>>> print(open('upload.tsv').read())   # TSV, C-alpha atoms and all ligand atoms
chain	number	residue	atom	x	y	z
A	1	MET	CA	-27.02	43.52	2.91
A	2	THR	CA	-24.49	43.73	0.11
A	3	ASP	CA	-21.98	41.03	-0.67
A	4	THR	CA	-19.29	43.18	0.92
A	5	ASP	CA	-21.26	43.59	4.15
A	6	ILE	CA	-21.66	39.85	4.44
A	7	LEU	CA	-17.90	39.40	4.40
A	8	THR	CA	-17.39	41.84	7.28
A	9	ALA	CA	-20.37	40.85	9.41
A	10	ASP	CA	-19.92	38.68	12.50
A	11	ALA	CA	-19.96	35.20	11.07
A	12	PRO	CA	-20.08	31.64	12.37
A	13	VAL	CA	-16.55	30.49	13.16
A	14	PRO	CA	-15.54	27.12	11.71
A	15	LYS	CA	-13.44	24.85	13.89
A	16	ASP	CA	-9.67	25.34	13.58
A	17	TRP	CA	-9.20	21.72	12.59
A	18	ILE	CA	-11.70	22.10	9.75
A	19	MET	CA	-9.91	25.14	8.36
A	20	ALA	CA	-6.65	23.16	8.46
A	21	ILE	CA	-8.09	20.80	5.82
A	22	ALA	CA	-6.81	21.17	2.26
A	23	PRO	CA	-9.96	20.42	0.20
A	24	TYR	CA	-9.91	17.29	-1.99
A	25	VAL	CA	-8.87	17.99	-5.58
A	26	PRO	CA	-10.56	15.57	-8.02
A	27	GLY	CA	-9.08	14.54	-11.37
A	28	LYS	CA	-9.99	16.85	-14.23
A	29	SER	CA	-12.32	15.63	-16.97
A	30	LYS	CA	-11.80	18.52	-19.39
A	31	THR	CA	-8.72	20.36	-20.56
A	32	ASP	CA	-8.09	23.85	-19.19
A	33	ASP	CA	-9.56	25.23	-22.43
A	34	GLY	CA	-12.69	23.10	-22.06
A	35	ARG	CA	-12.08	20.20	-24.48
A	36	SER	CA	-13.28	16.72	-23.50
A	37	VAL	CA	-10.39	14.37	-24.14
A	38	ALA	CA	-9.03	11.07	-22.84
A	39	LYS	CA	-9.50	11.12	-19.08
A	40	LEU	CA	-6.71	9.21	-17.42
A	41	SER	CA	-6.79	11.16	-14.18
A	42	SER	CA	-9.14	9.31	-11.84
A	43	ASN	CA	-8.33	5.58	-12.08
A	44	GLU	CA	-11.69	4.73	-13.61
A	45	ASN	CA	-12.26	1.55	-15.63
A	46	PRO	CA	-11.56	2.34	-19.33
A	47	PHE	CA	-14.13	-0.33	-20.34
A	48	GLY	CA	-16.85	1.46	-18.37
A	49	THR	CA	-19.16	-1.14	-16.93
A	50	SER	CA	-21.01	-4.08	-18.46
A	51	GLN	CA	-24.45	-4.06	-20.08
A	52	ALA	CA	-25.88	-6.29	-17.35
A	53	VAL	CA	-24.85	-3.70	-14.79
A	54	ARG	CA	-26.40	-0.84	-16.76
A	55	ASP	CA	-29.63	-2.83	-17.06
A	56	ALA	CA	-29.69	-3.45	-13.31
A	57	PHE	CA	-29.19	0.26	-12.69
A	58	VAL	CA	-32.01	1.28	-15.05
A	59	SER	CA	-34.34	-1.31	-13.52
A	60	ALA	CA	-34.64	0.94	-10.47
A	61	ALA	CA	-36.00	3.90	-12.43
A	62	PRO	CA	-39.64	3.10	-11.48
A	63	VAL	CA	-38.82	3.27	-7.74
A	64	LEU	CA	-37.05	6.61	-7.70
A	65	GLU	CA	-39.43	7.96	-5.06
A	66	ARG	CA	-38.51	5.22	-2.59
A	67	TYR	CA	-35.77	5.39	0.01
A	68	PRO	CA	-33.17	2.65	-0.40
A	69	ASP	CA	-32.86	-0.08	2.25
A	70	SER	CA	-30.93	1.60	5.04
A	71	ALA	CA	-29.32	-1.68	6.08
A	72	ALA	CA	-28.32	-2.64	2.49
A	73	VAL	CA	-29.31	-6.23	3.27
A	74	GLU	CA	-29.30	-7.45	-0.35
A	75	LEU	CA	-25.86	-6.08	-1.12
A	76	ARG	CA	-24.36	-7.31	2.17
A	77	THR	CA	-25.83	-10.76	1.56
A	78	ALA	CA	-24.38	-10.82	-1.97
A	79	LEU	CA	-20.98	-9.64	-0.72
A	80	GLY	CA	-21.00	-12.22	2.06
A	81	ALA	CA	-21.71	-15.03	-0.40
A	82	HIS	CA	-19.17	-13.78	-2.94
A	83	TYR	CA	-16.25	-13.32	-0.55
A	84	ASP	CA	-17.28	-15.88	2.09
A	85	LEU	CA	-17.80	-13.24	4.78
A	86	ASP	CA	-20.35	-12.79	7.56
A	87	PRO	CA	-22.84	-10.21	6.19
A	88	GLU	CA	-23.42	-8.98	9.75
A	89	ARG	CA	-19.85	-7.74	9.82
A	90	ILE	CA	-20.12	-5.81	6.55
A	91	LEU	CA	-20.88	-2.10	6.54
A	92	CYS	CA	-21.81	-0.34	3.31
A	93	GLY	CA	-21.24	3.32	2.59
A	94	THR	CA	-21.50	6.05	0.00
A	95	GLY	CA	-18.25	5.02	-1.63
A	96	SER	CA	-15.46	3.65	0.50
A	97	ASP	CA	-14.65	7.28	1.21
A	98	GLU	CA	-17.62	7.36	3.59
A	99	VAL	CA	-16.44	4.15	5.22
A	100	LEU	CA	-13.01	5.72	5.81
A	101	HIS	CA	-14.71	8.78	7.32
A	102	MET	CA	-16.83	6.56	9.57
A	103	ALA	CA	-13.69	4.80	10.83
A	104	ALA	CA	-12.14	8.15	11.76
A	105	GLY	CA	-15.42	9.39	13.26
A	106	ALA	CA	-15.90	6.34	15.45
A	107	PHE	CA	-12.32	5.86	16.65
A	108	ALA	CA	-10.48	9.20	16.63
A	109	GLY	CA	-11.07	12.68	17.99
A	110	PRO	CA	-9.24	15.71	19.42
A	111	GLY	CA	-6.01	14.68	21.14
A	112	ASP	CA	-5.75	11.42	19.21
A	113	GLU	CA	-3.22	10.62	16.49
A	114	VAL	CA	-3.81	9.00	13.12
A	115	ILE	CA	-0.90	7.65	11.08
A	116	TYR	CA	-0.65	7.38	7.31
A	117	VAL	CA	2.19	7.38	4.79
A	118	ARG	CA	3.74	10.42	3.16
A	119	TYR	CA	2.51	9.66	-0.36
A	120	GLY	CA	-0.85	8.37	0.77
A	121	PHE	CA	-4.48	8.70	-0.26
A	122	THR	CA	-5.66	12.29	0.19
A	123	VAL	CA	-8.88	11.30	1.95
A	124	TYR	CA	-6.91	10.22	5.07
A	125	PRO	CA	-5.78	13.73	6.08
A	126	ILE	CA	-9.28	15.05	5.44
A	127	ALA	CA	-10.95	12.29	7.50
A	128	THR	CA	-8.38	12.76	10.28
A	129	ARG	CA	-8.63	16.52	10.57
A	130	ARG	CA	-12.39	16.51	10.18
A	131	VAL	CA	-12.75	14.81	13.57
A	132	GLY	CA	-10.14	17.03	15.22
A	133	ALA	CA	-7.47	14.33	15.42
A	134	THR	CA	-3.78	14.94	14.72
A	135	PRO	CA	-2.26	13.58	11.50
A	136	VAL	CA	1.09	11.81	11.84
A	137	VAL	CA	2.90	11.21	8.55
A	138	ALA	CA	5.30	8.28	8.18
A	139	PRO	CA	8.07	8.72	5.59
A	140	ASP	CA	8.16	6.45	2.56
A	141	LYS	CA	10.78	3.94	1.39
A	142	ASP	CA	11.38	4.92	-2.26
A	143	TYR	CA	7.68	5.87	-2.53
A	144	ALA	CA	6.47	2.63	-0.94
A	145	THR	CA	4.92	2.02	2.47
A	146	ASP	CA	7.60	1.63	5.15
A	147	VAL	CA	6.21	-0.57	7.93
A	148	ASP	CA	9.07	0.26	10.30
A	149	ALA	CA	8.52	3.99	9.81
A	150	ILE	CA	4.84	3.56	10.68
A	151	LEU	CA	5.54	1.43	13.76
A	152	ALA	CA	8.16	3.93	14.96
A	153	ARG	CA	5.46	6.62	15.07
A	154	VAL	CA	2.94	4.73	17.20
A	155	THR	CA	2.31	6.34	20.59
A	156	ASP	CA	-0.25	5.97	23.38
A	157	ARG	CA	-2.35	8.46	21.45
A	158	THR	CA	-2.41	6.57	18.17
A	159	ARG	CA	-5.93	5.40	17.32
A	160	ILE	CA	-5.86	4.57	13.61
A	161	VAL	CA	-3.31	3.59	10.96
A	162	PHE	CA	-4.55	4.04	7.39
A	163	VAL	CA	-2.77	1.97	4.74
A	164	ALA	CA	-3.91	1.65	1.13
A	165	ASN	CA	-2.65	-1.54	-0.47
A	166	PRO	CA	-1.93	-1.12	-3.35
A	167	ASN	CA	-1.36	2.50	-2.45
A	168	ASN	CA	-2.66	5.53	-4.32
A	169	PRO	CA	-0.96	7.58	-5.86
A	170	THR	CA	2.17	5.40	-5.87
A	171	GLY	CA	0.68	2.01	-6.91
A	172	THR	CA	3.11	0.30	-4.53
A	173	TYR	CA	2.17	-2.94	-2.79
A	174	SER	CA	3.02	-4.33	0.63
A	175	SER	CA	3.25	-8.13	0.83
A	176	ARG	CA	1.18	-10.31	3.11
A	177	ALA	CA	4.23	-10.72	5.37
A	178	GLU	CA	4.69	-6.94	5.61
A	179	ILE	CA	1.03	-6.36	6.44
A	180	ALA	CA	1.16	-9.13	9.05
A	181	ARG	CA	4.27	-7.55	10.55
A	182	LEU	CA	2.56	-4.15	10.64
A	183	HIS	CA	-0.47	-5.61	12.40
A	184	ALA	CA	1.65	-7.61	14.85
A	185	GLY	CA	3.58	-4.47	15.79
A	186	LEU	CA	0.50	-2.40	16.58
A	187	PRO	CA	-1.02	-2.24	20.06
A	188	ARG	CA	-4.49	-3.76	20.19
A	189	HIS	CA	-6.13	-0.38	20.75
A	190	VAL	CA	-4.99	0.84	17.32
A	191	LEU	CA	-7.38	0.22	14.42
A	192	LEU	CA	-5.54	-0.83	11.26
A	193	VAL	CA	-7.59	0.31	8.26
A	194	LEU	CA	-6.52	-1.58	5.15
A	195	ASP	CA	-7.90	0.25	2.13
A	196	GLN	CA	-8.11	-2.31	-0.68
A	197	ALA	CA	-9.62	-0.09	-3.39
A	198	TYR	CA	-7.36	-1.70	-6.01
A	199	THR	CA	-7.17	-5.24	-4.67
A	200	GLU	CA	-9.01	-6.79	-7.65
A	201	TYR	CA	-6.12	-5.68	-9.88
A	202	LEU	CA	-3.60	-7.83	-8.04
A	203	ASP	CA	-2.23	-11.00	-9.61
A	204	SER	CA	-4.07	-14.04	-8.30
A	205	GLN	CA	-1.12	-15.12	-6.12
A	206	ASP	CA	-1.00	-11.71	-4.43
A	207	ASP	CA	-3.22	-11.45	-1.37
A	208	ASP	CA	-2.15	-9.15	1.42
A	209	GLY	CA	-4.13	-11.19	3.92
A	210	GLY	CA	-6.32	-8.24	4.88
A	211	LEU	CA	-9.67	-10.02	4.88
A	212	GLU	CA	-8.19	-12.88	6.90
A	213	LEU	CA	-6.85	-10.41	9.47
A	214	ALA	CA	-10.21	-8.60	9.59
A	215	ARG	CA	-11.94	-11.94	10.08
A	216	THR	CA	-9.77	-13.00	13.02
A	217	GLN	CA	-8.46	-9.84	14.69
A	218	PRO	CA	-10.41	-7.27	16.73
A	219	ASN	CA	-8.56	-4.24	15.33
A	220	VAL	CA	-8.55	-4.56	11.54
A	221	LEU	CA	-10.98	-2.95	9.11
A	222	VAL	CA	-10.75	-3.72	5.38
A	223	THR	CA	-12.39	-1.32	2.94
A	224	ARG	CA	-13.39	-2.08	-0.65
A	225	THR	CA	-15.08	-0.15	-3.44
A	226	PHE	CA	-17.15	-0.64	-6.58
A	227	SER	CA	-15.59	2.51	-8.06
A	228	LYS	CA	-12.48	1.01	-9.63
A	229	ILE	CA	-12.42	-2.39	-11.38
A	230	PHE	CA	-16.21	-2.75	-11.25
A	231	GLY	CA	-16.55	0.54	-13.15
A	232	LEU	CA	-19.16	2.11	-10.86
A	233	ALA	CA	-17.48	5.29	-9.62
A	234	SER	CA	-20.63	7.30	-10.24
A	235	ALA	CA	-22.80	4.92	-8.21
A	236	ARG	CA	-20.88	5.63	-4.96
A	237	VAL	CA	-20.86	2.17	-3.40
A	238	GLY	CA	-18.21	1.03	-0.96
A	239	TRP	CA	-18.02	-1.28	2.02
A	240	GLY	CA	-15.97	-2.29	5.01
A	241	TYR	CA	-15.42	-5.55	6.91
A	242	GLY	CA	-14.33	-5.73	10.52
A	243	SER	CA	-15.06	-7.15	13.94
A	244	PRO	CA	-18.66	-6.92	15.20
A	245	ALA	CA	-17.61	-4.25	17.72
A	246	VAL	CA	-15.85	-2.10	15.10
A	247	ILE	CA	-18.78	-2.37	12.69
A	248	ASP	CA	-21.28	-1.63	15.48
A	249	ALA	CA	-19.48	1.60	16.41
A	250	MET	CA	-19.29	2.75	12.81
A	251	ASN	CA	-22.94	1.92	12.16
A	252	ARG	CA	-23.93	4.48	14.79
A	253	ILE	CA	-22.60	7.37	12.72
A	254	ARG	CA	-23.58	6.05	9.31
A	255	GLN	CA	-25.89	8.24	7.28
A	256	PRO	CA	-29.32	6.62	7.51
A	257	PHE	CA	-29.50	6.30	3.73
A	258	SER	CA	-26.55	6.16	1.42
A	259	PHE	CA	-26.31	4.94	-2.21
A	260	SER	CA	-29.47	4.74	-4.32
A	261	ILE	CA	-31.52	1.62	-5.05
A	262	ALA	CA	-30.19	1.78	-8.62
A	263	ALA	CA	-26.60	1.88	-7.38
A	264	GLY	CA	-27.17	-1.07	-5.05
A	265	ARG	CA	-28.65	-3.18	-7.86
A	266	ALA	CA	-25.80	-2.22	-10.18
A	267	ALA	CA	-23.25	-3.25	-7.54
A	268	ILE	CA	-24.82	-6.69	-7.10
A	269	ALA	CA	-24.90	-7.22	-10.87
A	270	ALA	CA	-21.26	-6.10	-11.11
A	271	LEU	CA	-20.23	-8.58	-8.44
A	272	HIS	CA	-21.72	-11.40	-10.50
A	273	ASP	CA	-20.10	-10.34	-13.78
A	274	ARG	CA	-16.82	-12.16	-13.19
A	275	ASP	CA	-15.91	-12.11	-16.89
A	276	PHE	CA	-15.93	-8.35	-16.98
A	277	VAL	CA	-13.73	-8.13	-13.89
A	278	GLU	CA	-11.29	-10.72	-15.24
A	279	ARG	CA	-11.10	-8.99	-18.63
A	280	SER	CA	-10.45	-5.67	-16.92
A	281	ARG	CA	-7.71	-7.17	-14.75
A	282	ALA	CA	-5.98	-8.90	-17.67
A	283	HIS	CA	-6.11	-5.77	-19.83
A	284	ASN	CA	-4.71	-3.69	-17.01
A	285	LEU	CA	-1.86	-6.09	-16.33
A	286	GLU	CA	-0.87	-6.23	-20.00
A	287	TRP	CA	-0.92	-2.48	-20.56
A	288	ARG	CA	0.53	-1.49	-17.23
A	289	THR	CA	3.47	-3.80	-17.93
A	290	ARG	CA	3.93	-2.35	-21.42
A	291	PHE	CA	3.55	1.20	-20.16
A	292	GLU	CA	6.09	0.78	-17.38
A	293	ALA	CA	8.57	-0.67	-19.90
A	294	GLU	CA	8.01	2.29	-22.25
A	295	ILE	CA	8.57	4.75	-19.41
A	296	ASN	CA	11.66	3.01	-18.10
A	297	ALA	CA	13.05	2.99	-21.66
A	298	LEU	CA	13.04	6.79	-21.30
A	299	GLY	CA	15.38	6.59	-18.32
A	300	ASN	CA	17.97	8.58	-20.25
A	301	LYS	CA	15.41	11.42	-20.27
A	302	GLY	CA	15.01	11.20	-16.50
A	303	LEU	CA	11.72	9.26	-16.53
A	304	ARG	CA	10.98	6.40	-14.15
A	305	ALA	CA	7.82	4.42	-13.38
A	306	VAL	CA	7.30	3.49	-9.73
A	307	PRO	CA	6.49	-0.28	-9.83
A	308	SER	CA	2.69	-0.50	-9.66
A	309	LYS	CA	0.19	-3.22	-8.81
A	310	ALA	CA	-2.82	-0.97	-9.46
A	311	ASN	CA	-4.61	0.45	-12.52
A	312	PHE	CA	-2.33	3.43	-12.79
A	313	SER	CA	1.34	4.26	-12.86
A	314	LEU	CA	3.20	7.00	-11.04
A	315	VAL	CA	5.73	8.42	-13.49
A	316	LEU	CA	8.59	10.44	-12.01
A	317	PHE	CA	10.32	13.18	-14.01
A	318	GLU	CA	13.86	13.56	-12.69
A	319	GLY	CA	15.53	14.91	-15.84
A	320	GLU	CA	15.29	17.95	-18.07
A	321	THR	CA	11.56	17.70	-18.82
A	322	SER	CA	9.51	18.59	-15.75
A	323	ALA	CA	6.30	16.80	-14.78
A	324	GLU	CA	4.49	20.10	-15.21
A	325	THR	CA	5.75	20.48	-18.79
A	326	ALA	CA	4.73	16.90	-19.56
A	327	TYR	CA	1.34	17.41	-17.90
A	328	LYS	CA	0.61	20.46	-20.05
A	329	GLY	CA	2.00	18.84	-23.20
A	330	LEU	CA	-0.16	15.77	-22.68
A	331	MET	CA	-3.21	17.93	-22.12
A	332	ASP	CA	-2.52	19.75	-25.41
A	333	ALA	CA	-2.24	16.35	-27.09
A	334	GLY	CA	-5.61	15.26	-25.65
A	335	TYR	CA	-4.68	13.28	-22.51
A	336	ILE	CA	-5.61	14.41	-19.03
A	337	VAL	CA	-3.47	12.83	-16.34
A	338	ARG	CA	-2.97	13.74	-12.69
A	339	TRP	CA	-0.14	16.11	-11.77
A	340	LEU	CA	0.38	16.02	-8.02
A	341	PRO	CA	2.13	19.15	-6.71
A	342	GLY	CA	-0.40	19.34	-3.86
A	343	GLN	CA	0.66	15.86	-2.71
A	344	ASP	CA	4.32	16.68	-2.40
A	345	LEU	CA	4.89	15.17	-5.85
A	346	PRO	CA	5.56	18.14	-8.17
A	347	HIS	CA	7.85	15.76	-10.08
A	348	GLY	CA	5.18	13.09	-10.56
A	349	LEU	CA	2.30	12.32	-12.92
A	350	ARG	CA	-0.21	9.63	-11.99
A	351	ILE	CA	-1.49	8.09	-15.20
A	352	THR	CA	-4.49	5.72	-15.29
A	353	ILE	CA	-4.14	2.70	-17.58
A	354	GLY	CA	-6.65	3.39	-20.38
A	355	THR	CA	-7.72	1.65	-23.58
A	356	PRO	CA	-5.02	0.37	-25.98
A	357	GLU	CA	-5.64	3.36	-28.27
A	358	GLU	CA	-5.30	5.80	-25.39
A	359	MET	CA	-2.12	4.21	-24.11
A	360	THR	CA	-0.49	4.03	-27.55
A	361	GLY	CA	-1.36	7.65	-28.26
A	362	LEU	CA	-0.24	8.82	-24.84
A	363	ILE	CA	3.12	7.07	-25.10
A	364	ALA	CA	3.74	8.63	-28.54
A	365	ALA	CA	2.81	12.08	-27.22
A	366	LEU	CA	5.03	11.66	-24.17
A	367	ARG	CA	8.01	10.55	-26.27
A	368	LYS	CA	7.62	13.69	-28.37
A	369	ILE	CA	7.39	15.90	-25.27
A	370	VAL	CA	10.62	14.57	-23.80
A	371	GLY	CA	12.40	14.69	-27.19
A	372	ALA	CA	12.60	10.95	-27.80
A	373	ALA	CA	10.22	10.65	-30.75
B	401	LIG	C1	-10.44	5.46	-5.42
B	401	LIG	C2	-10.03	5.14	-4.03
B	401	LIG	C3	-10.98	4.84	-3.06
B	401	LIG	C4	-12.42	4.68	-3.43
B	401	LIG	O1	-13.20	5.75	-3.25
B	401	LIG	P1	-14.76	5.59	-3.41
B	401	LIG	O2	-15.26	6.55	-2.41
B	401	LIG	O3	-15.14	4.19	-3.05
B	401	LIG	O4	-15.08	5.93	-4.81
B	401	LIG	C5	-10.57	4.52	-1.78
B	401	LIG	N1	-9.26	4.48	-1.49
B	401	LIG	C6	-8.32	4.72	-2.39
B	401	LIG	C7	-6.90	4.59	-2.02
B	401	LIG	C8	-8.67	5.09	-3.69
B	401	LIG	O5	-7.74	5.36	-4.58
>>> encode(input="upload.tsv", output="structure tokens", more="lines below")
Ligand SMILES: *Cc1c(COP(=O)(O)O)cnc(C)c1O
Amino acid sequence: MTDTDILTADAPVPKDWIMAIAPYVPGKSKTDDGRSVAKLSSNENPFGTSQAVRDAFVSAAPVLERYPDSAAVELRTALGAHYDLDPERILCGTGSDEVLHMAAGAFAGPGDEVIYVRYGFTVYPIATRRVGATPVVAPDKDYATDVDAILARVTDRTRIVFVANPNNPTGTYSSRAEIARLHAGLPRHVLLVLDQAYTEYLDSQDDDGGLELARTQPNVLVTRTFSKIFGLASARVGWGYGSPAVIDAMNRIRQPFSFSIAAGRAAIAALHDRDFVERSRAHNLEWRTRFEAEINALGNKGLRAVPSKANFSLVLFEGETSAETAYKGLMDAGYIVRWLPGQDLPHGLRITIGTPEEMTGLIAALRKIVGAA
């Protein structure tokens, strides 16, 4: 058979709902002409990860032939001790992405509806459509999560509400009172999935109450990840916390083996390295604040930073310089950021908070691009 024949032959037919999925587009790590430059497109930790974590990872090299512990007992025990949670109610996955997929797989299917916000995390539509459920998009309130808009879209068919807090790609944050109001307005049969991928970046007084809700309510699942502040995106370790019944259902569709032994050891070491986490949080707060001020000082050029509580900033281009022009100009200058036309944000760039050198250089380059240098 030639390649042309194979295209015309009778072929397996994928499900309609699978072909309705727009594949995930990851952040670029090289410029379009192949140069490796500052990567500020995937919300990774600019400090990398600590030496203790690298050592823990390497310590598993001699057991590469072994399957990891399917039940992830050591990591769940460490998480339980660290966050004061019942390890039996923790479920680990290959990144929190897998945990989000397990939530959709266990609780939604054809005929069911899943709600998320307009400028939400792109894994939610994929996880929803993958199981044949119907996505329902709630409009935003100046880019932020609008609890009333979500509640207005709940029907008898709603099975899941996905909310990232802080949200990606907007960086916006819903207060504890707003999250409580959202939960209180949902029927008990609806699972509220609170995706807290960026929660460690919040100021210490900010707590959206998610873990407390998950501890006490039958219909709340909190998800967390080691990919962001802990600097372990490559290790693929995430987890969820919910009621015993929710966790039991999800465990039935979990892949028997997920992250590697090395990744599990690295995650435990990262959890214990509180200094590294605190340094990362303080650095992020300082530079995100400075960066937002720099952007808002370019208001006369049509630039605006959506107020962020995460490790990135969504910059809107509402003046003469388009986001696309800025995206290309920054790439030429050696900075890869995330332009989001596929997420209904052709006027937005999501920029990860990097090292001081990266941020200083990026701001200078951006000022030049918009004619403010
Ligand atoms: C980065 C991110 C995740 C984490 O994904 P992992 O699979 O754990 O790497 C989850 N949710 C949101 C909103 C994110 O931005």
>>> residues_near_ligand(input="upload.tsv", ligand="ligand LIG 401 (chain B)", cutoff="6 Å", atoms="all atoms listed in the file", output="PyMOL selection string")
chain A and resi 95-97+121+164+167-168+195+197+225+227+233+236+238
>>> residues_around(input="upload.tsv", residues="Asp16 in chain A", least_positions_apart="2", cutoff="10 Å", atoms="all atoms listed in the file", output="CSV table (one decimal) with C-alpha atoms, in the frame of the given file")
chain,number,residue,atom,x,y,z
A,13,VAL,CA,-16.6,30.5,13.2
A,14,PRO,CA,-15.5,27.1,11.7
A,18,ILE,CA,-11.7,22.1,9.8
A,19,MET,CA,-9.9,25.1,8.4
A,20,ALA,CA,-6.6,23.2,8.5
A,21,ILE,CA,-8.1,20.8,5.8
A,129,ARG,CA,-8.6,16.5,10.6
A,130,ARG,CA,-12.4,16.5,10.2
A,132,GLY,CA,-10.1,17.0,15.2
>>> closest_atom_pairs(input="upload.tsv", of="range 225-333 of chain A", to="range 206-218 of chain A", cutoff="10 Å", atoms="only C-alpha atoms", output="JSON lines")
{"residue": "A:Gly240", "atom": "CA", "partner": "A:Ala214", "partner_atom": "CA", "distance": 9.7}
{"residue": "A:Tyr241", "atom": "CA", "partner": "A:Ala214", "partner_atom": "CA", "distance": 6.6}
{"residue": "A:Gly242", "atom": "CA", "partner": "A:Ala214", "partner_atom": "CA", "distance": 5.1}
{"residue": "A:Ser243", "atom": "CA", "partner": "A:Pro218", "partner_atom": "CA", "distance": 5.4}
{"residue": "A:Pro244", "atom": "CA", "partner": "A:Pro218", "partner_atom": "CA", "distance": 8.4}
{"residue": "A:Ala245", "atom": "CA", "partner": "A:Pro218", "partner_atom": "CA", "distance": 7.9}
{"residue": "A:Val246", "atom": "CA", "partner": "A:Pro218", "partner_atom": "CA", "distance": 7.7}
{"residue": "A:Lys309", "atom": "CA", "partner": "A:Asp206", "partner_atom": "CA", "distance": 9.6}
>>> atom_distance(input="upload.tsv", atom1="CA of Pro139 in chain A", atom2="CA of Val117 in chain A")
6.1 Å
>>> atom_distance(input="upload.tsv", atom1="CA of Ser29 in chain A", atom2="CA of Thr321 in chain A")
24.0 Å
>>> residues_around(input="upload.tsv", residues="Lys141 in chain A", least_positions_apart="3", cutoff="12 Å", atoms="only C-alpha atoms", output="PyMOL selection string")
chain A and resi 117-119+138+144-150+170+172-174+306
>>> write_last_selection(input="upload.tsv", atoms="C-alpha atoms", output="PDB file, in the frame of the given file")
ATOM      1  CA  VAL A 117       2.190   7.380   4.790  1.00  0.00           C
ATOM      2  CA  ARG A 118       3.740  10.420   3.160  1.00  0.00           C
ATOM      3  CA  TYR A 119       2.510   9.660  -0.360  1.00  0.00           C
ATOM      4  CA  ALA A 138       5.300   8.280   8.180  1.00  0.00           C
ATOM      5  CA  ALA A 144       6.470   2.630  -0.940  1.00  0.00           C
ATOM      6  CA  THR A 145       4.920   2.020   2.470  1.00  0.00           C
ATOM      7  CA  ASP A 146       7.600   1.630   5.150  1.00  0.00           C
ATOM      8  CA  VAL A 147       6.210  -0.570   7.930  1.00  0.00           C
ATOM      9  CA  ASP A 148       9.070   0.260  10.300  1.00  0.00           C
ATOM     10  CA  ALA A 149       8.520   3.990   9.810  1.00  0.00           C
ATOM     11  CA  ILE A 150       4.840   3.560  10.680  1.00  0.00           C
ATOM     12  CA  THR A 170       2.170   5.400  -5.870  1.00  0.00           C
ATOM     13  CA  THR A 172       3.110   0.300  -4.530  1.00  0.00           C
ATOM     14  CA  TYR A 173       2.170  -2.940  -2.790  1.00  0.00           C
ATOM     15  CA  SER A 174       3.020  -4.330   0.630  1.00  0.00           C
ATOM     16  CA  VAL A 306       7.300   3.490  -9.730  1.00  0.00           C
TER      17      VAL A 306
END
>>> closest_residue(input="upload.tsv", among="A:Thr355, A:Ser41, A:Asn165, A:Thr223", to="Ile247 in chain A", atoms="only C-alpha atoms")
A:Thr223
>>> closest_residue(input="upload.tsv", among="A:Ala364, A:Asn284, A:Tyr83, A:Arg66", to="Gly334 in chain A", atoms="all atoms listed in the file")
A:Ala364
>>> decode(input="upload.tsv", residues="range 324-335 of chain A", atoms="N, CA and C atoms", output="PDB file, in the first residue's frame")
ATOM      1  N   GLU A 324      -0.001  40.282  18.594  1.00  0.00           N
ATOM      2  CA  GLU A 324       0.780  39.467  17.646  1.00  0.00           C
ATOM      3  C   GLU A 324       2.105  40.156  17.316  1.00  0.00           C
ATOM      4  N   THR A 325       2.048  41.458  17.074  1.00  0.00           N
ATOM      5  CA  THR A 325       3.274  42.220  16.793  1.00  0.00           C
ATOM      6  C   THR A 325       4.230  42.140  17.988  1.00  0.00           C
ATOM      7  N   ALA A 326       3.681  42.311  19.180  1.00  0.00           N
ATOM      8  CA  ALA A 326       4.515  42.254  20.383  1.00  0.00           C
ATOM      9  C   ALA A 326       5.095  40.857  20.580  1.00  0.00           C
ATOM     10  N   TYR A 327       4.278  39.849  20.321  1.00  0.00           N
ATOM     11  CA  TYR A 327       4.725  38.453  20.449  1.00  0.00           C
ATOM     12  C   TYR A 327       5.930  38.189  19.540  1.00  0.00           C
ATOM     13  N   LYS A 328       5.802  38.632  18.285  1.00  0.00           N
ATOM     14  CA  LYS A 328       6.894  38.404  17.325  1.00  0.00           C
ATOM     15  C   LYS A 328       8.118  39.249  17.669  1.00  0.00           C
ATOM     16  N   GLY A 329       7.869  40.482  18.095  1.00  0.00           N
ATOM     17  CA  GLY A 329       8.985  41.361  18.472  1.00  0.00           C
ATOM     18  C   GLY A 329       9.742  40.810  19.673  1.00  0.00           C
ATOM     19  N   LEU A 330       8.996  40.286  20.644  1.00  0.00           N
ATOM     20  CA  LEU A 330       9.648  39.713  21.824  1.00  0.00           C
ATOM     21  C   LEU A 330      10.443  38.471  21.439  1.00  0.00           C
ATOM     22  N   MET A 331       9.897  37.686  20.534  1.00  0.00           N
ATOM     23  CA  MET A 331      10.624  36.486  20.105  1.00  0.00           C
ATOM     24  C   MET A 331      11.934  36.879  19.429  1.00  0.00           C
ATOM     25  N   ASP A 332      11.878  37.909  18.566  1.00  0.00           N
ATOM     26  CA  ASP A 332      13.109  38.399  17.927  1.00  0.00           C
ATOM     27  C   ASP A 332      14.115  38.855  18.978  1.00  0.00           C
ATOM     28  N   ALA A 333      13.613  39.435  20.058  1.00  0.00           N
ATOM     29  CA  ALA A 333      14.500  39.960  21.102  1.00  0.00           C
ATOM     30  C   ALA A 333      14.979  38.862  22.058  1.00  0.00           C
ATOM     31  N   GLY A 334      14.442  37.630  21.887  1.00  0.00           N
ATOM     32  CA  GLY A 334      14.927  36.524  22.718  1.00  0.00           C
ATOM     33  C   GLY A 334      14.013  36.114  23.860  1.00  0.00           C
ATOM     34  N   TYR A 335      12.723  36.463  23.775  1.00  0.00           N
ATOM     35  CA  TYR A 335      11.773  36.106  24.844  1.00  0.00           C
ATOM     36  C   TYR A 335      10.559  35.408  24.237  1.00  0.00           C
TER      37      TYR A 335
END
